[in-house]
file run02.pdb (PDB, C-alpha atoms, pLDDT in the B column)
ATOM      1  CA  MET C 300      41.660 -81.236 -40.792  1.00 38.00           C
ATOM      2  CA  PHE C 301      44.155 -78.832 -39.392  1.00 42.00           C
ATOM      3  CA  ASP C 302      47.583 -80.224 -38.949  1.00 44.00           C
ATOM      4  CA  GLY C 303      49.516 -77.960 -36.648  1.00 46.00           C
ATOM      5  CA  GLU C 304      52.792 -78.866 -38.297  1.00 52.00           C
ATOM      6  CA  ARG C 305      51.661 -77.683 -41.693  1.00 56.00           C
ATOM      7  CA  GLY C 306      51.244 -74.192 -42.997  1.00 63.00           C
ATOM      8  CA  PRO C 307      49.103 -72.577 -45.665  1.00 70.00           C
ATOM      9  CA  ARG C 308      49.998 -72.585 -49.355  1.00 71.00           C
ATOM     10  CA  MET C 309      52.420 -69.705 -49.626  1.00 83.00           C
ATOM     11  CA  THR C 310      51.424 -67.876 -52.777  1.00 88.00           C
ATOM     12  CA  ILE C 311      52.706 -64.338 -53.159  1.00 90.00           C
ATOM     13  CA  PRO C 312      49.325 -62.808 -52.133  1.00 92.00           C
ATOM     14  CA  THR C 313      49.326 -65.049 -49.050  1.00 92.00           C
ATOM     15  CA  GLN C 314      52.772 -63.772 -48.158  1.00 92.00           C
ATOM     16  CA  LEU C 315      51.590 -60.167 -48.602  1.00 94.00           C
ATOM     17  CA  VAL C 316      48.594 -60.753 -46.341  1.00 94.00           C
ATOM     18  CA  LEU C 317      50.796 -62.353 -43.697  1.00 94.00           C
ATOM     19  CA  GLN C 318      53.244 -59.461 -43.871  1.00 94.00           C
ATOM     20  CA  VAL C 319      50.397 -57.010 -43.225  1.00 95.00           C
ATOM     21  CA  LEU C 320      49.117 -59.025 -40.280  1.00 95.00           C
ATOM     22  CA  LEU C 321      52.633 -59.475 -38.910  1.00 94.00           C
ATOM     23  CA  ALA C 322      53.351 -55.748 -39.046  1.00 92.00           C
ATOM     24  CA  ASP C 323      51.449 -55.510 -35.771  1.00 87.00           C
ATOM     25  CA  ALA C 324      50.165 -58.859 -34.597  1.00 84.00           C
ATOM     26  CA  GLU C 325      48.087 -57.243 -31.850  1.00 85.00           C
ATOM     27  CA  VAL C 326      46.042 -55.046 -34.156  1.00 90.00           C
ATOM     28  CA  GLU C 327      42.759 -56.268 -35.580  1.00 94.00           C
ATOM     29  CA  LEU C 328      42.024 -55.379 -39.194  1.00 95.00           C
ATOM     30  CA  TYR C 329      39.021 -55.924 -41.409  1.00 94.00           C
ATOM     31  CA  GLY C 330      39.288 -57.467 -44.863  1.00 93.00           C
ATOM     32  CA  GLY C 331      39.258 -54.205 -46.805  1.00 91.00           C
ATOM     33  CA  GLN C 332      42.056 -52.781 -44.683  1.00 92.00           C
ATOM     34  CA  ILE C 333      44.178 -55.870 -45.175  1.00 95.00           C
ATOM     35  CA  GLY C 334      43.617 -55.840 -48.929  1.00 93.00           C
ATOM     36  CA  SER C 335      44.405 -52.162 -49.164  1.00 91.00           C
ATOM     37  CA  ALA C 336      47.592 -52.478 -47.115  1.00 93.00           C
ATOM     38  CA  ALA C 337      48.713 -55.533 -49.089  1.00 93.00           C
ATOM     39  CA  GLY C 338      47.922 -53.925 -52.437  1.00 93.00           C
ATOM     40  CA  LEU C 339      45.507 -56.693 -53.361  1.00 93.00           C
ATOM     41  CA  PRO C 340      42.153 -56.235 -55.102  1.00 90.00           C
ATOM     42  CA  SER C 341      38.879 -56.970 -53.326  1.00 87.00           C
ATOM     43  CA  GLY C 342      37.923 -60.610 -53.430  1.00 90.00           C
ATOM     44  CA  THR C 343      41.508 -61.813 -53.232  1.00 93.00           C
ATOM     45  CA  VAL C 344      41.929 -61.339 -49.506  1.00 95.00           C
ATOM     46  CA  HIS C 345      39.002 -63.310 -48.112  1.00 95.00           C
ATOM     47  CA  PRO C 346      39.918 -66.695 -49.638  1.00 95.00           C
ATOM     48  CA  ILE C 347      43.407 -66.253 -48.201  1.00 94.00           C
ATOM     49  CA  LEU C 348      42.029 -65.295 -44.798  1.00 95.00           C
ATOM     50  CA  ALA C 349      39.684 -68.284 -44.916  1.00 94.00           C
ATOM     51  CA  ARG C 350      42.651 -70.611 -45.537  1.00 92.00           C
ATOM     52  CA  LEU C 351      44.695 -68.982 -42.807  1.00 93.00           C
ATOM     53  CA  GLU C 352      41.732 -69.354 -40.467  1.00 92.00           C
ATOM     54  CA  GLY C 353      41.433 -72.970 -41.531  1.00 90.00           C
ATOM     55  CA  VAL C 354      44.999 -73.736 -40.473  1.00 90.00           C
ATOM     56  CA  GLY C 355      44.627 -71.802 -37.233  1.00 91.00           C
ATOM     57  CA  TRP C 356      46.961 -68.928 -38.027  1.00 93.00           C
ATOM     58  CA  VAL C 357      44.235 -66.271 -38.079  1.00 94.00           C
ATOM     59  CA  GLU C 358      41.166 -65.717 -35.955  1.00 95.00           C
ATOM     60  CA  SER C 359      38.238 -63.405 -36.587  1.00 95.00           C
ATOM     61  CA  ARG C 360      35.370 -61.881 -34.683  1.00 95.00           C
ATOM     62  CA  TRP C 361      32.482 -59.534 -35.291  1.00 95.00           C
ATOM     63  CA  GLU C 362      32.962 -55.944 -34.271  1.00 92.00           C
ATOM     64  CA  ASP C 363      31.423 -55.307 -30.907  1.00 90.00           C
ATOM     65  CA  VAL C 364      28.736 -52.818 -31.923  1.00 87.00           C
ATOM     66  CA  ASP C 365      24.988 -52.922 -32.015  1.00 87.00           C
ATOM     67  CA  PRO C 366      24.124 -52.190 -35.660  1.00 85.00           C
ATOM     68  CA  SER C 367      20.750 -50.713 -34.776  1.00 86.00           C
ATOM     69  CA  GLN C 368      22.278 -48.302 -32.267  1.00 87.00           C
ATOM     70  CA  ALA C 369      25.410 -47.510 -34.252  1.00 84.00           C
ATOM     71  CA  GLY C 370      23.434 -47.030 -37.446  1.00 85.00           C
ATOM     72  CA  ARG C 371      25.890 -49.157 -39.386  1.00 86.00           C
ATOM     73  CA  PRO C 372      26.661 -52.835 -39.812  1.00 90.00           C
ATOM     74  CA  ALA C 373      29.342 -54.570 -37.766  1.00 93.00           C
ATOM     75  CA  ARG C 374      32.576 -55.433 -39.494  1.00 94.00           C
ATOM     76  CA  ARG C 375      34.469 -58.672 -39.253  1.00 95.00           C
ATOM     77  CA  TYR C 376      37.927 -58.211 -37.745  1.00 96.00           C
ATOM     78  CA  TYR C 377      40.942 -60.455 -38.274  1.00 96.00           C
ATOM     79  CA  ARG C 378      44.145 -60.930 -36.328  1.00 95.00           C
ATOM     80  CA  LEU C 379      46.941 -63.468 -36.092  1.00 95.00           C
ATOM     81  CA  THR C 380      46.655 -66.194 -33.492  1.00 94.00           C
ATOM     82  CA  ALA C 381      49.621 -66.955 -31.254  1.00 93.00           C
ATOM     83  CA  ALA C 382      50.436 -69.939 -33.479  1.00 92.00           C
ATOM     84  CA  GLY C 383      50.263 -67.771 -36.569  1.00 92.00           C
ATOM     85  CA  ALA C 384      52.447 -65.065 -35.067  1.00 93.00           C
ATOM     86  CA  ASN C 385      55.015 -67.688 -34.083  1.00 92.00           C
ATOM     87  CA  ARG C 386      55.109 -69.607 -37.337  1.00 91.00           C
ATOM     88  CA  ALA C 387      54.389 -67.084 -40.059  1.00 92.00           C
ATOM     89  CA  PRO C 388      57.834 -65.382 -40.038  1.00 92.00           C
ATOM     90  CA  ALA C 389      59.629 -68.686 -40.556  1.00 90.00           C
ATOM     91  CA  ALA C 390      57.155 -69.719 -43.252  1.00 90.00           C
ATOM     92  CA  LEU C 391      57.668 -66.440 -45.089  1.00 89.00           C
ATOM     93  CA  LEU C 392      61.405 -66.900 -44.936  1.00 87.00           C
ATOM     94  CA  ARG C 393      61.118 -70.480 -46.161  1.00 84.00           C
ATOM     95  CA  ALA C 394      58.847 -69.448 -49.017  1.00 81.00           C
ATOM     96  CA  SER C 395      61.233 -66.806 -50.309  1.00 76.00           C
ATOM     97  CA  ARG C 396      64.466 -68.737 -49.817  1.00 66.00           C
ATOM     98  CA  PRO C 397      64.247 -71.283 -52.678  1.00 53.00           C
ATOM     99  CA  ARG C 398      63.537 -68.593 -55.235  1.00 52.00           C
ATOM    100  CA  ARG C 399      66.414 -66.408 -54.057  1.00 47.00           C
ATOM    101  CA  ALA C 400      68.784 -69.320 -53.924  1.00 47.00           C
ATOM    102  CA  GLY C 401      67.793 -70.386 -57.421  1.00 48.00           C
ATOM    103  CA  LEU C 402      68.365 -66.963 -58.852  1.00 52.00           C
ATOM    104  CA  ALA C 403      71.650 -66.316 -57.139  1.00 49.00           C
ATOM    105  CA  PRO C 404      74.671 -66.557 -59.425  1.00 50.00           C
ATOM    106  CA  HIS C 405      76.550 -69.829 -59.194  1.00 53.00           C
ATOM    107  CA  PRO C 406      79.972 -69.564 -57.569  1.00 53.00           C
ATOM    108  CA  LEU C 407      82.756 -69.656 -60.082  1.00 50.00           C
ATOM    109  CA  PRO C 408      85.369 -72.370 -59.985  1.00 52.00           C
ATOM    110  CA  GLY C 409      88.143 -71.489 -57.611  1.00 50.00           C
ATOM    111  CA  GLN C 410      86.001 -69.063 -55.588  1.00 46.00           C
TER     112      GLN C 410
ATOM    113  CA  MET M  89      42.991 -46.785 -40.039  1.00 46.00           C
ATOM    114  CA  ASN M  90      40.569 -46.208 -42.856  1.00 44.00           C
ATOM    115  CA  THR M  91      40.829 -47.702 -46.293  1.00 47.00           C
ATOM    116  CA  PRO M  92      41.051 -45.027 -48.971  1.00 45.00           C
ATOM    117  CA  GLY M  93      37.648 -44.243 -50.395  1.00 48.00           C
ATOM    118  CA  THR M  94      35.827 -45.429 -47.320  1.00 52.00           C
ATOM    119  CA  THR M  95      33.798 -43.541 -44.809  1.00 52.00           C
ATOM    120  CA  THR M  96      31.425 -44.116 -41.964  1.00 54.00           C
ATOM    121  CA  PRO M  97      28.107 -45.150 -43.458  1.00 53.00           C
ATOM    122  CA  ASP M  98      24.905 -43.329 -42.741  1.00 51.00           C
ATOM    123  CA  ALA M  99      21.365 -43.639 -43.967  1.00 45.00           C
ATOM    124  CA  ALA M 100      22.161 -41.545 -47.051  1.00 46.00           C
ATOM    125  CA  ASN M 101      25.116 -43.754 -47.973  1.00 59.00           C
ATOM    126  CA  ARG M 102      23.480 -47.082 -48.601  1.00 72.00           C
ATOM    127  CA  PRO M 103      25.319 -49.314 -51.049  1.00 77.00           C
ATOM    128  CA  ALA M 104      24.126 -49.191 -54.640  1.00 83.00           C
ATOM    129  CA  ILE M 105      21.599 -51.870 -55.500  1.00 88.00           C
ATOM    130  CA  ALA M 106      23.792 -53.332 -58.260  1.00 89.00           C
ATOM    131  CA  ALA M 107      26.714 -53.652 -55.870  1.00 89.00           C
ATOM    132  CA  ARG M 108      24.558 -55.303 -53.206  1.00 90.00           C
ATOM    133  CA  CYS M 109      23.096 -57.701 -55.755  1.00 92.00           C
ATOM    134  CA  ALA M 110      26.584 -58.660 -56.942  1.00 92.00           C
ATOM    135  CA  VAL M 111      27.712 -59.362 -53.372  1.00 92.00           C
ATOM    136  CA  VAL M 112      24.605 -61.405 -52.597  1.00 93.00           C
ATOM    137  CA  THR M 113      25.045 -63.339 -55.848  1.00 93.00           C
ATOM    138  CA  ALA M 114      28.686 -64.004 -54.996  1.00 92.00           C
ATOM    139  CA  THR M 115      27.747 -65.555 -51.684  1.00 93.00           C
ATOM    140  CA  LEU M 116      25.259 -67.905 -53.333  1.00 94.00           C
ATOM    141  CA  VAL M 117      28.133 -70.149 -54.411  1.00 93.00           C
ATOM    142  CA  LEU M 118      29.310 -70.501 -50.806  1.00 93.00           C
ATOM    143  CA  PRO M 119      28.231 -73.477 -48.720  1.00 91.00           C
ATOM    144  CA  ARG M 120      24.782 -73.012 -47.233  1.00 90.00           C
ATOM    145  CA  GLY M 121      24.442 -72.138 -43.597  1.00 89.00           C
ATOM    146  CA  SER M 122      26.719 -70.175 -41.323  1.00 90.00           C
ATOM    147  CA  SER M 123      29.506 -69.624 -43.880  1.00 90.00           C
ATOM    148  CA  ARG M 124      27.198 -68.076 -46.426  1.00 93.00           C
ATOM    149  CA  THR M 125      25.474 -65.900 -43.840  1.00 93.00           C
ATOM    150  CA  ARG M 126      28.744 -64.776 -42.332  1.00 94.00           C
ATOM    151  CA  TYR M 127      30.401 -63.741 -45.590  1.00 95.00           C
ATOM    152  CA  ARG M 128      27.240 -62.095 -46.893  1.00 94.00           C
ATOM    153  CA  GLN M 129      27.072 -59.935 -43.765  1.00 94.00           C
ATOM    154  CA  GLU M 130      30.803 -59.284 -43.874  1.00 94.00           C
ATOM    155  CA  PHE M 131      30.836 -58.192 -47.524  1.00 94.00           C
ATOM    156  CA  LEU M 132      27.707 -56.054 -47.161  1.00 93.00           C
ATOM    157  CA  ALA M 133      29.238 -54.389 -44.104  1.00 93.00           C
ATOM    158  CA  GLU M 134      32.449 -53.583 -45.955  1.00 92.00           C
ATOM    159  CA  LEU M 135      30.440 -52.407 -48.940  1.00 90.00           C
ATOM    160  CA  SER M 136      28.481 -49.962 -46.812  1.00 89.00           C
ATOM    161  CA  PHE M 137      31.708 -48.235 -45.779  1.00 88.00           C
ATOM    162  CA  ILE M 138      32.733 -47.531 -49.379  1.00 88.00           C
ATOM    163  CA  GLU M 139      31.785 -44.047 -50.396  1.00 83.00           C
ATOM    164  CA  ARG M 140      31.483 -43.888 -54.176  1.00 82.00           C
ATOM    165  CA  SER M 141      29.138 -46.138 -56.108  1.00 82.00           C
ATOM    166  CA  ALA M 142      31.826 -46.832 -58.703  1.00 86.00           C
ATOM    167  CA  SER M 143      34.134 -48.047 -55.939  1.00 87.00           C
ATOM    168  CA  GLN M 144      31.296 -50.107 -54.494  1.00 89.00           C
ATOM    169  CA  LEU M 145      30.747 -51.745 -57.848  1.00 89.00           C
ATOM    170  CA  ARG M 146      34.462 -52.430 -58.274  1.00 91.00           C
ATOM    171  CA  PHE M 147      34.539 -53.998 -54.817  1.00 92.00           C
ATOM    172  CA  SER M 148      31.504 -56.167 -55.634  1.00 93.00           C
ATOM    173  CA  VAL M 149      32.882 -57.323 -58.954  1.00 93.00           C
ATOM    174  CA  GLY M 150      36.097 -58.314 -57.196  1.00 93.00           C
ATOM    175  CA  ILE M 151      34.146 -60.328 -54.643  1.00 94.00           C
ATOM    176  CA  LEU M 152      32.043 -61.902 -57.382  1.00 93.00           C
ATOM    177  CA  SER M 153      35.058 -62.864 -59.481  1.00 93.00           C
ATOM    178  CA  ARG M 154      36.735 -64.631 -56.566  1.00 93.00           C
ATOM    179  CA  ALA M 155      33.643 -66.267 -55.080  1.00 94.00           C
ATOM    180  CA  TRP M 156      34.644 -69.741 -56.279  1.00 93.00           C
ATOM    181  CA  ALA M 157      38.097 -69.302 -54.795  1.00 93.00           C
ATOM    182  CA  LEU M 158      36.477 -68.482 -51.468  1.00 93.00           C
ATOM    183  CA  ARG M 159      34.250 -71.521 -51.791  1.00 94.00           C
ATOM    184  CA  ARG M 160      37.293 -73.711 -52.445  1.00 92.00           C
ATOM    185  CA  ALA M 161      39.064 -72.207 -49.448  1.00 91.00           C
ATOM    186  CA  LEU M 162      36.060 -73.027 -47.268  1.00 91.00           C
ATOM    187  CA  THR M 163      35.368 -76.498 -48.571  1.00 88.00           C
ATOM    188  CA  GLU M 164      38.705 -78.065 -49.476  1.00 80.00           C
ATOM    189  CA  GLU M 165      39.767 -80.188 -46.582  1.00 65.00           C
ATOM    190  CA  ASN M 166      43.415 -80.338 -47.412  1.00 50.00           C
ATOM    191  CA  THR M 167      44.498 -76.941 -48.649  1.00 48.00           C
ATOM    192  CA  MET M 168      47.911 -77.269 -47.107  1.00 48.00           C
ATOM    193  CA  ILE M 169      51.211 -78.548 -48.327  1.00 40.00           C
ATOM    194  CA  HIS M 170      54.015 -79.592 -46.103  1.00 40.00           C
ATOM    195  CA  ASP M 171      56.703 -77.439 -47.616  1.00 41.00           C
ATOM    196  CA  ALA M 172      55.706 -73.905 -48.276  1.00 46.00           C
ATOM    197  CA  VAL M 173      56.696 -73.866 -51.927  1.00 50.00           C
ATOM    198  CA  PRO M 174      55.272 -71.005 -53.986  1.00 56.00           C
ATOM    199  CA  ARG M 175      53.417 -72.073 -57.113  1.00 66.00           C
ATOM    200  CA  THR M 176      54.185 -70.196 -60.310  1.00 77.00           C
ATOM    201  CA  PRO M 177      51.172 -69.205 -62.412  1.00 81.00           C
ATOM    202  CA  LEU M 178      51.195 -70.399 -66.019  1.00 84.00           C
ATOM    203  CA  LEU M 179      51.343 -66.922 -67.577  1.00 86.00           C
ATOM    204  CA  CYS M 180      54.377 -66.117 -65.426  1.00 86.00           C
ATOM    205  CA  ARG M 181      56.034 -69.418 -66.257  1.00 82.00           C
ATOM    206  CA  LEU M 182      55.628 -68.684 -69.969  1.00 85.00           C
ATOM    207  CA  HIS M 183      56.822 -65.064 -69.460  1.00 84.00           C
ATOM    208  CA  VAL M 184      53.601 -63.885 -71.074  1.00 86.00           C
ATOM    209  CA  HIS M 185      52.388 -61.657 -68.252  1.00 86.00           C
ATOM    210  CA  HIS M 186      53.746 -60.566 -64.885  1.00 88.00           C
ATOM    211  CA  GLN M 187      52.058 -58.354 -62.304  1.00 86.00           C
ATOM    212  CA  TRP M 188      54.870 -55.953 -61.412  1.00 88.00           C
ATOM    213  CA  HIS M 189      54.871 -54.305 -58.000  1.00 85.00           C
ATOM    214  CA  THR M 190      57.436 -51.898 -56.556  1.00 86.00           C
ATOM    215  CA  GLU M 191      59.020 -53.046 -53.301  1.00 82.00           C
ATOM    216  CA  THR M 192      61.758 -51.845 -51.007  1.00 81.00           C
ATOM    217  CA  THR M 193      64.711 -53.800 -49.693  1.00 78.00           C
ATOM    218  CA  GLU M 194      65.916 -53.592 -46.093  1.00 73.00           C
ATOM    219  CA  ASP M 195      68.582 -51.067 -47.060  1.00 80.00           C
ATOM    220  CA  GLY M 196      66.042 -48.814 -48.747  1.00 81.00           C
ATOM    221  CA  ALA M 197      66.682 -49.692 -52.393  1.00 83.00           C
ATOM    222  CA  ARG M 198      63.617 -50.037 -54.564  1.00 84.00           C
ATOM    223  CA  TYR M 199      63.023 -52.812 -57.016  1.00 85.00           C
ATOM    224  CA  ARG M 200      60.116 -54.330 -58.945  1.00 86.00           C
ATOM    225  CA  ARG M 201      58.838 -57.816 -58.359  1.00 84.00           C
ATOM    226  CA  CYS M 202      56.000 -59.865 -59.794  1.00 85.00           C
ATOM    227  CA  LEU M 203      53.215 -60.223 -57.222  1.00 82.00           C
ATOM    228  CA  ARG M 204      52.243 -63.628 -58.541  1.00 80.00           C
ATOM    229  CA  CYS M 205      55.514 -65.479 -59.106  1.00 82.00           C
ATOM    230  CA  GLY M 206      58.047 -63.390 -57.197  1.00 80.00           C
ATOM    231  CA  LYS M 207      60.332 -62.825 -60.188  1.00 81.00           C
ATOM    232  CA  ASP M 208      62.400 -59.655 -60.039  1.00 83.00           C
ATOM    233  CA  HIS M 209      62.033 -57.272 -62.969  1.00 84.00           C
ATOM    234  CA  PRO M 210      64.922 -57.919 -65.380  1.00 81.00           C
ATOM    235  CA  SER M 211      65.543 -54.230 -66.023  1.00 75.00           C
ATOM    236  CA  GLN M 212      66.422 -53.525 -62.380  1.00 60.00           C
ATOM    237  CA  GLY M 213      70.048 -53.195 -61.254  1.00 52.00           C
ATOM    238  CA  SER M 214      72.297 -56.199 -60.884  1.00 47.00           C
ATOM    239  CA  GLY M 215      70.641 -57.827 -57.899  1.00 48.00           C
ATOM    240  CA  PRO M 216      70.242 -61.556 -57.516  1.00 49.00           C
ATOM    241  CA  GLY M 217      67.101 -61.468 -59.659  1.00 46.00           C
ATOM    242  CA  ASP M 218      68.830 -59.848 -62.586  1.00 46.00           C
ATOM    243  CA  TRP M 219      69.489 -62.887 -64.692  1.00 47.00           C
ATOM    244  CA  ALA M 220      70.524 -60.709 -67.622  1.00 45.00           C
ATOM    245  CA  ALA M 221      73.290 -58.941 -65.687  1.00 45.00           C
ATOM    246  CA  PRO M 222      76.796 -59.755 -66.862  1.00 47.00           C
ATOM    247  CA  VAL M 223      78.586 -62.308 -64.708  1.00 46.00           C
ATOM    248  CA  GLN M 224      81.985 -61.186 -63.530  1.00 49.00           C
ATOM    249  CA  MET M 225      84.633 -63.686 -64.436  1.00 49.00           C
ATOM    250  CA  GLY M 226      87.383 -64.260 -61.928  1.00 46.00           C
ATOM    251  CA  GLY M 227      90.968 -63.479 -62.848  1.00 43.00           C
ATOM    252  CA  GLY M 228      90.093 -61.104 -65.678  1.00 41.00           C
ATOM    253  CA  GLY M 229      92.299 -58.031 -66.093  1.00 38.00           C
TER     254      GLY M 229
END

call {"tool": "encode", "arguments": {"input": "run02.pdb", "output": "structure tokens"}}
result
Amino acid sequence: MFDGERGPRMTIPTQLVLQVLLADAEVELYGGQIGSAAGLPSGTVHPILARLEGVGWVESRWEDVDPSQAGRPARRYYRLTAAGANRAPAALLRASRPRRAGLAPHPLPGQ
Amino acid sequence: MNTPGTTTPDAANRPAIAARCAVVTATLVLPRGSSRTRYRQEFLAELSFIERSASQLRFSVGILSRAWALRRALTEENTMIHDAVPRTPLLCRLHVHHQWHTETTEDGARYRRCLRCGKDHPSQGSGPGDWAAPVQMGGGG
């Protein structure tokens, strides 16, 4: 089950999705919008959103429209939870730090 | 904010049958019950906002190709790891194939980075990711 101290697996697409959601944590976006903004193909975003929902970083809800009156189906909207908005920036930083540190040139002797 | 290629659906803009079938097929691998119903409705709703049938089909094929990944995301109990360590795909590790993407640094410089493994493109500048850049030796001159 969800362990509040743990975060999702931080693959690059997961980081891109989180960056999109973090750009404005108050705004609700549907899956296609998130994928388009993150530059990810369809089908990639929903498994990531499902994992983020599973760890409590993202919440979703159906659009508040009556499909029969609106003449169109309701979309599913996603947004960061308070926990996600608090913890995602640090997780993104942590995920990128090892790679950067590993690629940085080693200090020369005497420097 | 509208996704490019999307519009407000109307009666004349129903998703193509092939695209709808692909989406419905994709959701068949999901766990029965509320999950399957939810994602089927969600995908069909998103599909109905896509204007061109070719785009609809591309969307559906994408959903279909990643259906098992969605199933795993929904069913795996422990999908988390304590330290958020990125995993490097095999093709990236072997330097066979990278998925290059142009990004911008905080100071406005542009560089290319692999979407899957995070490696910086070797032909870009002499940033930290440029492993081929010459290392300046101290005391030279």

call {"tool": "atom_distance", "arguments": {"input": "run02.pdb", "atom1": "CA of Met309 in chain C", "atom2": "CA of Trp361 in chain C"}}
result
26.6 Å

call {"tool": "resolve_selection", "arguments": {"input": "run02.pdb", "expression": "the PyMOL selection byres ((chain C) within 7 of (chain M))", "output": "tab-separated table (two decimals) with C-alpha atoms, in the coordinates of the input"}}
result
chain	number	residue	atom	x	y	z
C	300	MET	CA	41.66	-81.24	-40.79
C	305	ARG	CA	51.66	-77.68	-41.69
C	306	GLY	CA	51.24	-74.19	-43.00
C	307	PRO	CA	49.10	-72.58	-45.66
C	308	ARG	CA	50.00	-72.58	-49.36
C	309	MET	CA	52.42	-69.70	-49.63
C	310	THR	CA	51.42	-67.88	-52.78
C	311	ILE	CA	52.71	-64.34	-53.16
C	312	PRO	CA	49.32	-62.81	-52.13
C	331	GLY	CA	39.26	-54.20	-46.80
C	332	GLN	CA	42.06	-52.78	-44.68
C	335	SER	CA	44.40	-52.16	-49.16
C	340	PRO	CA	42.15	-56.24	-55.10
C	341	SER	CA	38.88	-56.97	-53.33
C	342	GLY	CA	37.92	-60.61	-53.43
C	343	THR	CA	41.51	-61.81	-53.23
C	345	HIS	CA	39.00	-63.31	-48.11
C	346	PRO	CA	39.92	-66.69	-49.64
C	349	ALA	CA	39.68	-68.28	-44.92
C	350	ARG	CA	42.65	-70.61	-45.54
C	370	GLY	CA	23.43	-47.03	-37.45
C	371	ARG	CA	25.89	-49.16	-39.39
C	372	PRO	CA	26.66	-52.84	-39.81
C	373	ALA	CA	29.34	-54.57	-37.77
C	374	ARG	CA	32.58	-55.43	-39.49
C	375	ARG	CA	34.47	-58.67	-39.25
C	390	ALA	CA	57.16	-69.72	-43.25
C	393	ARG	CA	61.12	-70.48	-46.16
C	394	ALA	CA	58.85	-69.45	-49.02
C	402	LEU	CA	68.36	-66.96	-58.85
C	403	ALA	CA	71.65	-66.32	-57.14
C	404	PRO	CA	74.67	-66.56	-59.42

call {"tool": "atom_distance", "arguments": {"input": "run02.pdb", "atom1": "CA of Glu194 in chain M", "atom2": "CA of Ile347 in chain C"}}
result
25.9 Å

call {"tool": "closest_residue", "arguments": {"input": "run02.pdb", "among": "C:Val354, C:Val326, C:Leu392, C:Val364", "to": "Tyr377 in chain C", "atoms": "only C-alpha atoms"}}
result
C:Val326

call {"tool": "atom_distance", "arguments": {"input": "run02.pdb", "atom1": "CA of Gln144 in chain M", "atom2": "CA of Val112 in chain M"}}
result
13.3 Å

call {"tool": "closest_residue", "arguments": {"input": "run02.pdb", "among": "C:Val319, C:Gln368, C:Thr313, C:Val357", "to": "Val344 in chain C", "atoms": "all atoms listed in the file"}}
result
C:Thr313

call {"tool": "resolve_selection", "arguments": {"input": "run02.pdb", "expression": "the PyMOL selection byres ((chain C and resi 388) around 12)", "output": "MDAnalysis selection string"}}
result
chainID C and resid 306 309 314:315 317:322 324 356 379 382:387 389:395

call {"tool": "closest_residue", "arguments": {"input": "run02.pdb", "among": "C:Leu351, C:Gly338, C:Asp365, C:Glu358", "to": "Gln187 in chain M", "atoms": "all atoms listed in the file"}}
result
C:Gly338

call {"tool": "resolve_selection", "arguments": {"input": "run02.pdb", "expression": "the PyMOL selection byres ((chain C and resi 327) around 7)", "output": "PyMOL selection string"}}
result
chain C and resi 325-326+328-329+376-378

call {"tool": "decode", "arguments": {"input": "run02.pdb", "residues": "range 356-384 of chain C", "atoms": "C-alpha atoms", "output": "PDB file, in the first residue's frame"}}
result
ATOM      1  CA  TRP C 356       0.640  12.596  -5.308  1.00  0.00           C
ATOM      2  CA  VAL C 357      -2.125  13.091  -7.878  1.00  0.00           C
ATOM      3  CA  GLU C 358      -5.889  13.111  -7.610  1.00  0.00           C
ATOM      4  CA  SER C 359      -8.458  12.962 -10.384  1.00  0.00           C
ATOM      5  CA  ARG C 360     -12.128  13.637 -10.885  1.00  0.00           C
ATOM      6  CA  TRP C 361     -14.683  13.542 -13.656  1.00  0.00           C
ATOM      7  CA  GLU C 362     -15.497  16.812 -15.332  1.00  0.00           C
ATOM      8  CA  ASP C 363     -18.634  18.291 -13.896  1.00  0.00           C
ATOM      9  CA  VAL C 364     -20.839  18.177 -16.989  1.00  0.00           C
ATOM     10  CA  ASP C 365     -23.906  16.236 -17.934  1.00  0.00           C
ATOM     11  CA  PRO C 366     -22.898  14.393 -21.121  1.00  0.00           C
ATOM     12  CA  SER C 367     -26.458  14.250 -22.406  1.00  0.00           C
ATOM     13  CA  GLN C 368     -26.933  17.997 -21.994  1.00  0.00           C
ATOM     14  CA  ALA C 369     -23.448  19.017 -23.084  1.00  0.00           C
ATOM     15  CA  GLY C 370     -23.553  16.697 -26.075  1.00  0.00           C
ATOM     16  CA  ARG C 371     -20.092  15.384 -25.286  1.00  0.00           C
ATOM     17  CA  PRO C 372     -18.520  12.976 -22.830  1.00  0.00           C
ATOM     18  CA  ALA C 373     -16.995  14.156 -19.564  1.00  0.00           C
ATOM     19  CA  ARG C 374     -13.237  14.212 -19.310  1.00  0.00           C
ATOM     20  CA  ARG C 375     -11.153  13.007 -16.421  1.00  0.00           C
ATOM     21  CA  TYR C 376      -9.124  15.806 -14.842  1.00  0.00           C
ATOM     22  CA  TYR C 377      -5.900  15.431 -12.877  1.00  0.00           C
ATOM     23  CA  ARG C 378      -4.129  17.688 -10.418  1.00  0.00           C
ATOM     24  CA  LEU C 379      -1.423  17.407  -7.789  1.00  0.00           C
ATOM     25  CA  THR C 380      -2.472  16.751  -4.219  1.00  0.00           C
ATOM     26  CA  ALA C 381      -0.994  18.849  -1.427  1.00  0.00           C
ATOM     27  CA  ALA C 382       1.406  15.991  -0.654  1.00  0.00           C
ATOM     28  CA  GLY C 383       2.430  15.776  -4.284  1.00  0.00           C
ATOM     29  CA  ALA C 384       2.963  19.514  -4.589  1.00  0.00           C
TER      30      ALA C 384
END
